[in-house]
Every structure is written in C-alpha cells, then in structure tokens.
>>> print(open('work_20.json').read())   # JSON, C-alpha atoms
[["chain", "number", "residue", "atom", "x", "y", "z"],
["A", 81, "MET", "CA", -45.58, -64.84, -27.33],
["A", 82, "THR", "CA", -47.28, -61.59, -26.47],
["A", 83, "GLN", "CA", -45.62, -58.28, -26.95],
["A", 84, "PRO", "CA", -46.06, -55.39, -24.60],
["A", 85, "PRO", "CA", -48.61, -52.87, -25.70],
["A", 86, "ALA", "CA", -47.41, -50.14, -28.01],
["A", 87, "GLY", "CA", -47.02, -46.58, -26.68],
["A", 88, "GLY", "CA", -47.10, -47.65, -23.04],
["A", 89, "ASP", "CA", -50.83, -48.51, -23.14],
["A", 90, "THR", "CA", -52.07, -51.13, -20.78],
["A", 91, "GLY", "CA", -54.55, -53.77, -21.59],
["A", 92, "THR", "CA", -54.56, -56.42, -24.23],
["A", 93, "PRO", "CA", -53.42, -55.98, -27.81],
["A", 94, "GLY", "CA", -56.16, -54.95, -30.08],
["A", 95, "ASP", "CA", -58.27, -53.68, -27.15],
["A", 96, "PRO", "CA", -60.53, -50.94, -28.52],
["A", 97, "ASN", "CA", -60.28, -48.92, -25.24],
["A", 98, "PRO", "CA", -56.67, -48.91, -24.13],
["A", 99, "GLN", "CA", -55.99, -47.47, -20.64],
["A", 100, "PRO", "CA", -53.35, -44.74, -20.17],
["A", 101, "PRO", "CA", -50.59, -45.53, -17.70],
["A", 102, "PRO", "CA", -51.21, -44.31, -14.16],
["A", 103, "VAL", "CA", -49.59, -41.07, -12.95],
["A", 104, "GLY", "CA", -46.12, -41.80, -11.60],
["A", 105, "GLY", "CA", -45.46, -44.50, -14.16],
["A", 106, "ALA", "CA", -46.19, -47.53, -11.93],
["A", 107, "PRO", "CA", -48.26, -50.29, -13.48],
["A", 108, "PRO", "CA", -51.65, -50.97, -11.89],
["A", 109, "GLY", "CA", -51.53, -53.22, -8.89],
["A", 110, "SER", "CA", -47.81, -52.64, -8.17],
["A", 111, "ALA", "CA", -46.39, -50.97, -5.04],
["A", 112, "PRO", "CA", -45.63, -47.26, -5.26],
["A", 113, "ALA", "CA", -42.02, -46.35, -6.12],
["A", 114, "ALA", "CA", -39.68, -45.46, -3.28],
["A", 115, "GLY", "CA", -38.54, -41.82, -2.97],
["A", 116, "PRO", "CA", -40.21, -38.49, -2.55],
["A", 117, "PRO", "CA", -43.66, -38.11, -3.93],
["A", 118, "ALA", "CA", -43.96, -36.31, -7.24],
["A", 119, "HIS", "CA", -44.92, -32.64, -7.11],
["A", 120, "PRO", "CA", -48.50, -32.32, -8.31],
["A", 121, "SER", "CA", -47.76, -29.73, -10.98],
["A", 122, "GLY", "CA", -44.80, -31.67, -12.36],
["A", 123, "THR", "CA", -42.29, -28.87, -11.57],
["A", 124, "PRO", "CA", -39.63, -29.40, -8.92],
["A", 125, "PRO", "CA", -40.26, -27.70, -5.58],
["A", 126, "ARG", "CA", -38.64, -24.21, -5.20],
["A", 127, "LYS", "CA", -35.71, -23.90, -2.85],
["A", 128, "ARG", "CA", -36.02, -21.18, -0.28],
["A", 129, "PRO", "CA", -34.07, -18.03, -1.17],
["A", 130, "ALA", "CA", -33.13, -17.44, 2.48],
["A", 131, "VAL", "CA", -29.91, -19.47, 2.19],
["A", 132, "LEU", "CA", -28.87, -17.52, -0.89],
["A", 133, "ILE", "CA", -29.66, -14.17, 0.74],
["A", 134, "VAL", "CA", -27.77, -15.02, 3.92],
["A", 135, "SER", "CA", -24.77, -16.16, 1.86],
["A", 136, "LEU", "CA", -24.74, -12.93, -0.14],
["A", 137, "VAL", "CA", -25.01, -10.79, 3.00],
["A", 138, "LEU", "CA", -22.13, -12.67, 4.65],
["A", 139, "ALA", "CA", -19.97, -12.34, 1.53],
["A", 140, "ALA", "CA", -20.67, -8.59, 1.36],
["A", 141, "ALA", "CA", -19.82, -8.18, 5.06],
["A", 142, "VAL", "CA", -16.51, -10.01, 4.62],
["A", 143, "LEU", "CA", -15.63, -7.88, 1.59],
["A", 144, "LEU", "CA", -16.51, -4.62, 3.34],
["A", 145, "CYS", "CA", -14.67, -5.48, 6.54],
["A", 146, "GLY", "CA", -11.65, -6.84, 4.68],
["A", 147, "GLY", "CA", -11.58, -3.90, 2.27],
["A", 148, "GLY", "CA", -12.01, -1.36, 5.06],
["A", 149, "GLY", "CA", -9.27, -2.99, 7.12],
["A", 150, "THR", "CA", -6.91, -3.00, 4.15],
["A", 151, "ALA", "CA", -7.65, 0.65, 3.36],
["A", 152, "ALA", "CA", -7.03, 1.64, 6.98],
["A", 153, "PHE", "CA", -3.72, -0.25, 7.00],
["A", 154, "LEU", "CA", -2.57, 1.41, 3.78],
["A", 155, "ALA", "CA", -3.61, 4.87, 4.97],
["A", 156, "LEU", "CA", -1.94, 4.55, 8.37],
["A", 157, "ARG", "CA", 1.20, 2.89, 7.06],
["A", 158, "ASN", "CA", 2.19, 6.07, 5.23],
["A", 159, "SER", "CA", 1.21, 8.44, 8.01],
["A", 160, "GLU", "CA", 3.94, 10.67, 9.40],
["A", 161, "ASP", "CA", 5.01, 10.48, 13.04],
["A", 162, "GLY", "CA", 5.54, 14.18, 13.69],
["A", 163, "GLN", "CA", 4.62, 17.63, 12.48],
["A", 164, "GLY", "CA", 7.08, 18.04, 9.63],
["A", 165, "ALA", "CA", 8.66, 21.37, 8.71],
["A", 166, "LYS", "CA", 6.68, 24.51, 7.95],
["A", 167, "GLU", "CA", 8.48, 25.10, 4.64],
["A", 168, "PRO", "CA", 10.34, 22.82, 2.17],
["A", 169, "GLN", "CA", 13.70, 24.55, 2.67],
["A", 170, "VAL", "CA", 13.34, 24.25, 6.47],
["A", 171, "ALA", "CA", 12.99, 20.45, 6.13],
["A", 172, "VAL", "CA", 16.12, 20.30, 3.97],
["A", 173, "ASP", "CA", 18.08, 22.58, 6.32],
["A", 174, "GLY", "CA", 17.15, 20.44, 9.34],
["A", 175, "PHE", "CA", 18.15, 17.26, 7.50],
["A", 176, "LEU", "CA", 21.53, 18.75, 6.49],
["A", 177, "LYS", "CA", 22.26, 19.94, 10.06],
["A", 178, "ALA", "CA", 21.45, 16.48, 11.46],
["A", 179, "VAL", "CA", 23.68, 14.68, 8.93],
["A", 180, "TYR", "CA", 26.65, 17.05, 8.45],
["A", 181, "GLN", "CA", 26.92, 19.07, 11.67],
["A", 182, "GLU", "CA", 25.38, 16.93, 14.41],
["A", 183, "ARG", "CA", 26.05, 13.59, 12.68],
["A", 184, "ASP", "CA", 22.93, 12.13, 14.31],
["A", 185, "ALA", "CA", 21.01, 9.54, 12.24],
["A", 186, "GLU", "CA", 17.98, 9.63, 14.55],
["A", 187, "LYS", "CA", 17.61, 13.40, 14.17],
["A", 188, "ALA", "CA", 18.08, 13.10, 10.40],
["A", 189, "ALA", "CA", 15.33, 10.46, 10.22],
["A", 190, "ALA", "CA", 12.97, 12.94, 11.91],
["A", 191, "PHE", "CA", 13.06, 15.01, 8.68],
["A", 192, "VAL", "CA", 12.53, 12.08, 6.27],
["A", 193, "CYS", "CA", 9.07, 11.02, 5.01],
["A", 194, "SER", "CA", 7.85, 7.62, 6.15],
["A", 195, "ALA", "CA", 7.83, 6.21, 2.59],
["A", 196, "ALA", "CA", 11.59, 6.84, 2.25],
["A", 197, "ARG", "CA", 12.62, 6.41, 5.88],
["A", 198, "ASP", "CA", 15.18, 3.60, 6.01],
["A", 199, "ASP", "CA", 17.03, 3.81, 9.33],
["A", 200, "GLU", "CA", 19.89, 1.62, 8.08],
["A", 201, "LYS", "CA", 20.53, 3.81, 5.01],
["A", 202, "ILE", "CA", 20.35, 7.02, 7.05],
["A", 203, "ALA", "CA", 22.75, 5.58, 9.65],
["A", 204, "ALA", "CA", 25.09, 4.47, 6.83],
["A", 205, "LYS", "CA", 25.14, 8.02, 5.39],
["A", 206, "VAL", "CA", 25.92, 9.52, 8.81],
["A", 207, "THR", "CA", 28.69, 6.95, 9.32],
["A", 208, "GLU", "CA", 30.09, 7.84, 5.89],
["A", 209, "VAL", "CA", 30.21, 11.53, 6.87],
["A", 210, "ARG", "CA", 31.90, 10.65, 10.21],
["A", 211, "GLU", "CA", 34.56, 8.62, 8.37],
["A", 212, "TYR", "CA", 35.07, 11.44, 5.88],
["A", 213, "VAL", "CA", 35.44, 13.96, 8.73],
["A", 214, "ALA", "CA", 38.02, 11.73, 10.49],
["A", 215, "GLN", "CA", 40.37, 12.13, 7.50],
["A", 216, "TYR", "CA", 40.68, 15.94, 7.80],
["A", 217, "GLN", "CA", 41.79, 18.56, 10.34],
["A", 218, "ASN", "CA", 38.81, 20.18, 12.05],
["A", 219, "PRO", "CA", 36.37, 20.10, 9.10],
["A", 220, "ARG", "CA", 33.34, 22.38, 9.11],
["A", 221, "PHE", "CA", 30.27, 22.07, 6.92],
["A", 222, "ARG", "CA", 28.18, 25.04, 5.83],
["A", 223, "TRP", "CA", 25.60, 25.89, 3.21],
["A", 224, "PRO", "CA", 23.47, 28.86, 2.31],
["A", 225, "THR", "CA", 19.73, 28.66, 2.92],
["A", 226, "PRO", "CA", 18.42, 25.90, 0.63],
["A", 227, "THR", "CA", 16.59, 27.15, -2.47],
["A", 228, "VAL", "CA", 13.15, 25.99, -3.62],
["A", 229, "ASP", "CA", 13.61, 25.36, -7.36],
["A", 230, "ASN", "CA", 10.10, 24.16, -8.11],
["A", 231, "GLN", "CA", 6.95, 23.77, -6.04],
["A", 232, "THR", "CA", 3.63, 22.35, -7.24],
["A", 233, "GLY", "CA", 0.99, 21.66, -4.62],
["A", 234, "ASP", "CA", 2.34, 19.22, -2.07],
["A", 235, "ARG", "CA", 5.68, 18.54, -3.80],
["A", 236, "ALA", "CA", 8.83, 20.67, -4.06],
["A", 237, "THR", "CA", 12.34, 20.39, -5.43],
["A", 238, "VAL", "CA", 14.97, 22.04, -3.22],
["A", 239, "SER", "CA", 18.67, 22.48, -3.93],
["A", 240, "ALA", "CA", 21.58, 23.11, -1.58],
["A", 241, "ARG", "CA", 25.36, 23.40, -2.03],
["A", 242, "VAL", "CA", 27.25, 21.94, 0.94],
["A", 243, "THR", "CA", 30.79, 23.23, 1.46],
["A", 244, "MET", "CA", 33.37, 21.59, 3.71],
["A", 245, "THR", "CA", 36.30, 23.68, 4.89],
["A", 246, "THR", "CA", 39.22, 22.30, 6.94],
["A", 247, "ALA", "CA", 41.70, 23.98, 9.31],
["A", 248, "ASP", "CA", 44.48, 23.50, 6.75],
["A", 249, "GLU", "CA", 42.39, 25.40, 4.15],
["A", 250, "LYS", "CA", 41.11, 22.51, 2.09],
["A", 251, "VAL", "CA", 37.70, 23.07, 0.52],
["A", 252, "ALA", "CA", 35.22, 20.65, -1.01],
["A", 253, "GLU", "CA", 31.73, 21.30, -2.35],
["A", 254, "GLN", "CA", 28.79, 19.08, -3.15],
["A", 255, "ALA", "CA", 25.57, 20.14, -4.88],
["A", 256, "LEU", "CA", 22.50, 18.28, -3.62],
["A", 257, "ARG", "CA", 18.92, 18.22, -4.89],
["A", 258, "PHE", "CA", 16.05, 17.14, -2.62],
["A", 259, "THR", "CA", 12.49, 16.10, -3.32],
["A", 260, "VAL", "CA", 10.30, 17.29, -0.46],
["A", 261, "VAL", "CA", 6.62, 16.42, 0.06],
["A", 262, "ARG", "CA", 3.93, 17.89, 2.30],
["A", 263, "LYS", "CA", 1.74, 15.62, 4.42],
["A", 264, "THR", "CA", 1.44, 16.82, 8.03],
["A", 265, "GLY", "CA", 4.27, 19.22, 7.19],
["A", 266, "TRP", "CA", 7.22, 19.16, 4.77],
["A", 267, "TRP", "CA", 9.39, 16.00, 4.65],
["A", 268, "VAL", "CA", 12.52, 15.06, 2.72],
["A", 269, "CYS", "CA", 11.71, 12.06, 0.52],
["A", 270, "GLU", "CA", 14.63, 11.85, -1.89],
["A", 271, "VAL", "CA", 18.21, 13.12, -2.04],
["A", 272, "GLY", "CA", 20.08, 13.24, -5.31]]
>>> encode(input="work_20.json", output="structure tokens")
Amino acid sequence: MTQPPAGGDTGTPGDPNPQPPPVGGAPPGSAPAAGPPAHPSGTPPRKRPAVLIVSLVLAAAVLLCGGGGTAAFLALRNSEDGQGAKEPQVAVDGFLKAVYQERDAEKAAAFVCSAARDDEKIAAKVTEVREYVAQYQNPRFRWPTPTVDNQTGDRATVSARVTMTTADEKVAEQALRFTVVRKTGWWVCEVG
C-alpha cells in the first residue's frame, strides 16, 4: 500500500525531484475548485469605503436633526406667552389682584411663569379664596406694595402681607413669599 507523499509533495515516494503542489491547492489534472478565484496577492479584496462613508454621513444627519429638533422643543416649551411685568414686585402685585380682588384664575395665570403654570392649581386657589370670602360679610383684601427681599440677576424673592378686613371688623393676615424670575419680563414661579 502506498502512502501519500509527505509534506504535500506530488510524485512518487523517493522521487529525487518532488513537485510542489499547484497554486490553489488542486492536484494536477483535476477540475478547478468552485467559488471565486483567489486574489493574486493572497490578500482578500478591499471593500469599498463608500458604503461606510454614506452610513456615517446618514448617522450624523439623523443625530444633528434629532438633536436640533429636541433642543428647539425644549427651548420653546419654556418660552413665555406674554411680556411679563417690568419689575418683580409688579408681577406679584398683579398676581395678588387677580387672585384676591378679581378672583380670576385666567388673569392670575397671566402672571405665572410657564414652568409653574398649572391652570387647575391656579383655579383651585381662586375657588378657595371665593369660598373663604363667602363665609364673611363684605370682605376686602389689601396689601402694601410687595417688597423685593433679594434679587440676583434674573431671580428675585418678593414678600407681601395680605390683610382681609370684613364689614363686621374681623381682620386676618397672611404673609406670602414669592419667587419671581425674569425671562421676557418678570413672572411669579413659586408662592410660599
């Protein structure tokens, strides 16, 4: 029994001039192997970078458009609808008049910053004042000009003391502190 030649050589054993195997690994006289032809240098063919470049450009466009759209949404979502007040105490005074004297939730909301504007909560506060007023004889609300306690840049703390007086000489007072911010004008953002 004959063994195949050692080291992949072709020819007969003990042949003084063994032949190297043909390029592509097919024995002599056999049909060529199916599949793509081997690259002459032995390295795989390079893929074109165009697909990669187009993919990167599309990904960048999606990120820029998506990021720009998100930034625009966030910027516009906190934008104020009107002018705002010229001074912090003017915003507080307008808010107090709308809630305590006019009892108008829509007018009160016009003095509140968009970040804190909750129409249901403002309406609930106005309703609470209306119910409170219904318990007394001809109540009147008054307050001195609100005082700016602290102002740094676009933020101020304003205080006001609201006094209710009734026809039968009952008196009640409430001290309030407001956080007011400046965007397109001054807006009430927090009441405490």
>>> residues_around(input="work_20.json", residues="range 172-188 of chain A", least_positions_apart="6", cutoff="6 Å", atoms="only C-alpha atoms", output="ChimeraX atom specification")
/A:202-203,206
>>> closest_residue(input="work_20.json", among="A:Arg257, A:Thr264, A:Val238, A:Val213", to="Gln169 in chain A", atoms="only C-alpha atoms")
A:Val238
>>> closest_residue(input="work_20.json", among="A:Ala214, A:Ala165, A:Ala247, A:Val192", to="Val271 in chain A", atoms="all atoms listed in the file")
A:Val192
>>> residues_around(input="work_20.json", residues="Thr246 in chain A", least_positions_apart="4", cutoff="9 Å", atoms="only C-alpha atoms", output="list in words")
Tyr216, Gln217, Asn218, Pro219, Arg220, Phe221, Lys250 and Val251 of chain A
>>> atom_distance(input="work_20.json", atom1="CA of Thr243 in chain A", atom2="CA of Asp199 in chain A")
25.1 Å
>>> atom_distance(input="work_20.json", atom1="CA of Thr237 in chain A", atom2="CA of Glu200 in chain A")
24.3 Å
>>> axis_aligned_box(input="work_20.json", around="range 168-187 of chain A", padding_each_side="3 Å", output="lines of an AutoDock Vina configuration file")
center_x = 18.6
center_y = 17.0
center_z = 8.4
size_x = 22.6
size_y = 21.0
size_z = 18.4
>>> decode(input="work_20.json", residues="range 253-267 of chain A", atoms="all heavy atoms", output="PDB file, in the first residue's frame")
ATOM      1  N   GLU A 253     -54.605  88.182  58.552  1.00  0.00           N
ATOM      2  CA  GLU A 253     -53.404  88.496  57.765  1.00  0.00           C
ATOM      3  C   GLU A 253     -52.697  87.219  57.352  1.00  0.00           C
ATOM      4  O   GLU A 253     -52.740  86.215  58.073  1.00  0.00           O
ATOM      5  CB  GLU A 253     -52.433  89.362  58.573  1.00  0.00           C
ATOM      6  CG  GLU A 253     -52.864  90.776  58.741  1.00  0.00           C
ATOM      7  CD  GLU A 253     -51.770  91.634  59.380  1.00  0.00           C
ATOM      8  OE1 GLU A 253     -50.812  91.081  59.960  1.00  0.00           O
ATOM      9  OE2 GLU A 253     -51.881  92.854  59.279  1.00  0.00           O
ATOM     10  N   GLN A 254     -52.042  87.318  56.207  1.00  0.00           N
ATOM     11  CA  GLN A 254     -51.244  86.181  55.727  1.00  0.00           C
ATOM     12  C   GLN A 254     -49.979  86.736  55.070  1.00  0.00           C
ATOM     13  O   GLN A 254     -50.052  87.591  54.178  1.00  0.00           O
ATOM     14  CB  GLN A 254     -52.036  85.348  54.718  1.00  0.00           C
ATOM     15  CG  GLN A 254     -51.276  84.143  54.235  1.00  0.00           C
ATOM     16  CD  GLN A 254     -52.094  83.298  53.263  1.00  0.00           C
ATOM     17  OE1 GLN A 254     -53.058  83.751  52.667  1.00  0.00           O
ATOM     18  NE2 GLN A 254     -51.664  82.056  53.100  1.00  0.00           N
ATOM     19  N   ALA A 255     -48.827  86.255  55.532  1.00  0.00           N
ATOM     20  CA  ALA A 255     -47.550  86.652  54.936  1.00  0.00           C
ATOM     21  C   ALA A 255     -47.215  85.671  53.813  1.00  0.00           C
ATOM     22  O   ALA A 255     -47.259  84.452  54.015  1.00  0.00           O
ATOM     23  CB  ALA A 255     -46.451  86.653  55.986  1.00  0.00           C
ATOM     24  N   LEU A 256     -46.912  86.190  52.664  1.00  0.00           N
ATOM     25  CA  LEU A 256     -46.573  85.357  51.500  1.00  0.00           C
ATOM     26  C   LEU A 256     -45.190  85.723  50.983  1.00  0.00           C
ATOM     27  O   LEU A 256     -44.778  86.881  51.033  1.00  0.00           O
ATOM     28  CB  LEU A 256     -47.607  85.549  50.379  1.00  0.00           C
ATOM     29  CG  LEU A 256     -49.042  85.166  50.707  1.00  0.00           C
ATOM     30  CD1 LEU A 256     -49.981  85.608  49.602  1.00  0.00           C
ATOM     31  CD2 LEU A 256     -49.142  83.665  50.920  1.00  0.00           C
ATOM     32  N   ARG A 257     -44.490  84.734  50.468  1.00  0.00           N
ATOM     33  CA  ARG A 257     -43.165  84.936  49.865  1.00  0.00           C
ATOM     34  C   ARG A 257     -43.224  84.330  48.460  1.00  0.00           C
ATOM     35  O   ARG A 257     -43.656  83.199  48.275  1.00  0.00           O
ATOM     36  CB  ARG A 257     -42.087  84.258  50.686  1.00  0.00           C
ATOM     37  CG  ARG A 257     -40.684  84.492  50.145  1.00  0.00           C
ATOM     38  CD  ARG A 257     -39.643  83.937  51.085  1.00  0.00           C
ATOM     39  NE  ARG A 257     -39.633  84.610  52.364  1.00  0.00           N
ATOM     40  CZ  ARG A 257     -38.876  85.666  52.654  1.00  0.00           C
ATOM     41  NH1 ARG A 257     -38.061  86.136  51.748  1.00  0.00           N
ATOM     42  NH2 ARG A 257     -38.905  86.213  53.833  1.00  0.00           N
ATOM     43  N   PHE A 258     -42.757  85.088  47.491  1.00  0.00           N
ATOM     44  CA  PHE A 258     -42.824  84.699  46.076  1.00  0.00           C
ATOM     45  C   PHE A 258     -41.420  84.582  45.495  1.00  0.00           C
ATOM     46  O   PHE A 258     -40.548  85.400  45.817  1.00  0.00           O
ATOM     47  CB  PHE A 258     -43.579  85.760  45.262  1.00  0.00           C
ATOM     48  CG  PHE A 258     -44.993  85.959  45.692  1.00  0.00           C
ATOM     49  CD1 PHE A 258     -45.309  86.808  46.750  1.00  0.00           C
ATOM     50  CD2 PHE A 258     -46.027  85.312  45.039  1.00  0.00           C
ATOM     51  CE1 PHE A 258     -46.623  87.003  47.138  1.00  0.00           C
ATOM     52  CE2 PHE A 258     -47.347  85.500  45.425  1.00  0.00           C
ATOM     53  CZ  PHE A 258     -47.636  86.343  46.486  1.00  0.00           C
ATOM     54  N   THR A 259     -41.232  83.602  44.637  1.00  0.00           N
ATOM     55  CA  THR A 259     -40.022  83.530  43.825  1.00  0.00           C
ATOM     56  C   THR A 259     -40.429  83.994  42.436  1.00  0.00           C
ATOM     57  O   THR A 259     -41.372  83.469  41.843  1.00  0.00           O
ATOM     58  CB  THR A 259     -39.472  82.097  43.761  1.00  0.00           C
ATOM     59  OG1 THR A 259     -39.184  81.664  45.092  1.00  0.00           O
ATOM     60  CG2 THR A 259     -38.207  82.028  42.916  1.00  0.00           C
ATOM     61  N   VAL A 260     -39.728  85.010  41.948  1.00  0.00           N
ATOM     62  CA  VAL A 260     -40.060  85.626  40.668  1.00  0.00           C
ATOM     63  C   VAL A 260     -38.834  85.532  39.766  1.00  0.00           C
ATOM     64  O   VAL A 260     -37.708  85.748  40.220  1.00  0.00           O
ATOM     65  CB  VAL A 260     -40.465  87.108  40.879  1.00  0.00           C
ATOM     66  CG1 VAL A 260     -40.976  87.731  39.605  1.00  0.00           C
ATOM     67  CG2 VAL A 260     -41.513  87.223  41.973  1.00  0.00           C
ATOM     68  N   VAL A 261     -39.041  85.154  38.501  1.00  0.00           N
ATOM     69  CA  VAL A 261     -37.931  85.031  37.554  1.00  0.00           C
ATOM     70  C   VAL A 261     -38.161  85.939  36.352  1.00  0.00           C
ATOM     71  O   VAL A 261     -39.298  86.258  36.002  1.00  0.00           O
ATOM     72  CB  VAL A 261     -37.725  83.571  37.078  1.00  0.00           C
ATOM     73  CG1 VAL A 261     -37.348  82.665  38.227  1.00  0.00           C
ATOM     74  CG2 VAL A 261     -38.942  83.057  36.364  1.00  0.00           C
ATOM     75  N   ARG A 262     -37.050  86.336  35.719  1.00  0.00           N
ATOM     76  CA  ARG A 262     -37.136  87.192  34.531  1.00  0.00           C
ATOM     77  C   ARG A 262     -36.785  86.370  33.304  1.00  0.00           C
ATOM     78  O   ARG A 262     -35.723  85.748  33.238  1.00  0.00           O
ATOM     79  CB  ARG A 262     -36.183  88.375  34.653  1.00  0.00           C
ATOM     80  CG  ARG A 262     -36.225  89.266  33.419  1.00  0.00           C
ATOM     81  CD  ARG A 262     -35.447  90.537  33.548  1.00  0.00           C
ATOM     82  NE  ARG A 262     -34.151  90.333  34.167  1.00  0.00           N
ATOM     83  CZ  ARG A 262     -33.394  91.316  34.623  1.00  0.00           C
ATOM     84  NH1 ARG A 262     -33.802  92.557  34.548  1.00  0.00           N
ATOM     85  NH2 ARG A 262     -32.230  91.052  35.163  1.00  0.00           N
ATOM     86  N   LYS A 263     -37.698  86.367  32.345  1.00  0.00           N
ATOM     87  CA  LYS A 263     -37.447  85.771  31.022  1.00  0.00           C
ATOM     88  C   LYS A 263     -37.731  86.857  30.005  1.00  0.00           C
ATOM     89  O   LYS A 263     -36.844  87.618  29.675  1.00  0.00           O
ATOM     90  CB  LYS A 263     -38.298  84.520  30.826  1.00  0.00           C
ATOM     91  CG  LYS A 263     -37.861  83.366  31.718  1.00  0.00           C
ATOM     92  CD  LYS A 263     -38.601  82.099  31.421  1.00  0.00           C
ATOM     93  CE  LYS A 263     -38.104  80.993  32.359  1.00  0.00           C
ATOM     94  NZ  LYS A 263     -38.781  79.755  32.151  1.00  0.00           N
ATOM     95  N   THR A 264     -38.988  86.977  29.534  1.00  0.00           N
ATOM     96  CA  THR A 264     -39.347  88.097  28.656  1.00  0.00           C
ATOM     97  C   THR A 264     -39.814  89.275  29.489  1.00  0.00           C
ATOM     98  O   THR A 264     -40.137  90.320  28.970  1.00  0.00           O
ATOM     99  CB  THR A 264     -40.470  87.678  27.686  1.00  0.00           C
ATOM    100  OG1 THR A 264     -41.592  87.244  28.460  1.00  0.00           O
ATOM    101  CG2 THR A 264     -40.019  86.568  26.764  1.00  0.00           C
ATOM    102  N   GLY A 265     -39.892  89.095  30.756  1.00  0.00           N
ATOM    103  CA  GLY A 265     -40.308  90.051  31.774  1.00  0.00           C
ATOM    104  C   GLY A 265     -40.271  89.287  33.083  1.00  0.00           C
ATOM    105  O   GLY A 265     -39.716  88.182  33.142  1.00  0.00           O
ATOM    106  N   TRP A 266     -40.873  89.819  34.143  1.00  0.00           N
ATOM    107  CA  TRP A 266     -40.867  89.152  35.445  1.00  0.00           C
ATOM    108  C   TRP A 266     -42.128  88.316  35.603  1.00  0.00           C
ATOM    109  O   TRP A 266     -43.230  88.782  35.294  1.00  0.00           O
ATOM    110  CB  TRP A 266     -40.750  90.173  36.570  1.00  0.00           C
ATOM    111  CG  TRP A 266     -39.385  90.768  36.634  1.00  0.00           C
ATOM    112  CD1 TRP A 266     -38.963  91.943  36.074  1.00  0.00           C
ATOM    113  CD2 TRP A 266     -38.245  90.206  37.271  1.00  0.00           C
ATOM    114  NE1 TRP A 266     -37.636  92.132  36.330  1.00  0.00           N
ATOM    115  CE2 TRP A 266     -37.168  91.096  37.057  1.00  0.00           C
ATOM    116  CE3 TRP A 266     -38.018  89.047  38.010  1.00  0.00           C
ATOM    117  CZ2 TRP A 266     -35.893  90.852  37.564  1.00  0.00           C
ATOM    118  CZ3 TRP A 266     -36.743  88.806  38.503  1.00  0.00           C
ATOM    119  CH2 TRP A 266     -35.700  89.707  38.286  1.00  0.00           C
ATOM    120  N   TRP A 267     -41.946  87.072  36.102  1.00  0.00           N
ATOM    121  CA  TRP A 267     -43.038  86.104  36.246  1.00  0.00           C
ATOM    122  C   TRP A 267     -42.977  85.453  37.618  1.00  0.00           C
ATOM    123  O   TRP A 267     -41.902  85.094  38.094  1.00  0.00           O
ATOM    124  CB  TRP A 267     -42.903  84.999  35.186  1.00  0.00           C
ATOM    125  CG  TRP A 267     -42.879  85.501  33.786  1.00  0.00           C
ATOM    126  CD1 TRP A 267     -41.798  85.936  33.081  1.00  0.00           C
ATOM    127  CD2 TRP A 267     -43.990  85.656  32.910  1.00  0.00           C
ATOM    128  NE1 TRP A 267     -42.166  86.328  31.829  1.00  0.00           N
ATOM    129  CE2 TRP A 267     -43.516  86.172  31.690  1.00  0.00           C
ATOM    130  CE3 TRP A 267     -45.352  85.389  33.037  1.00  0.00           C
ATOM    131  CZ2 TRP A 267     -44.346  86.432  30.608  1.00  0.00           C
ATOM    132  CZ3 TRP A 267     -46.174  85.649  31.961  1.00  0.00           C
ATOM    133  CH2 TRP A 267     -45.675  86.165  30.767  1.00  0.00           C
TER     134      TRP A 267
END
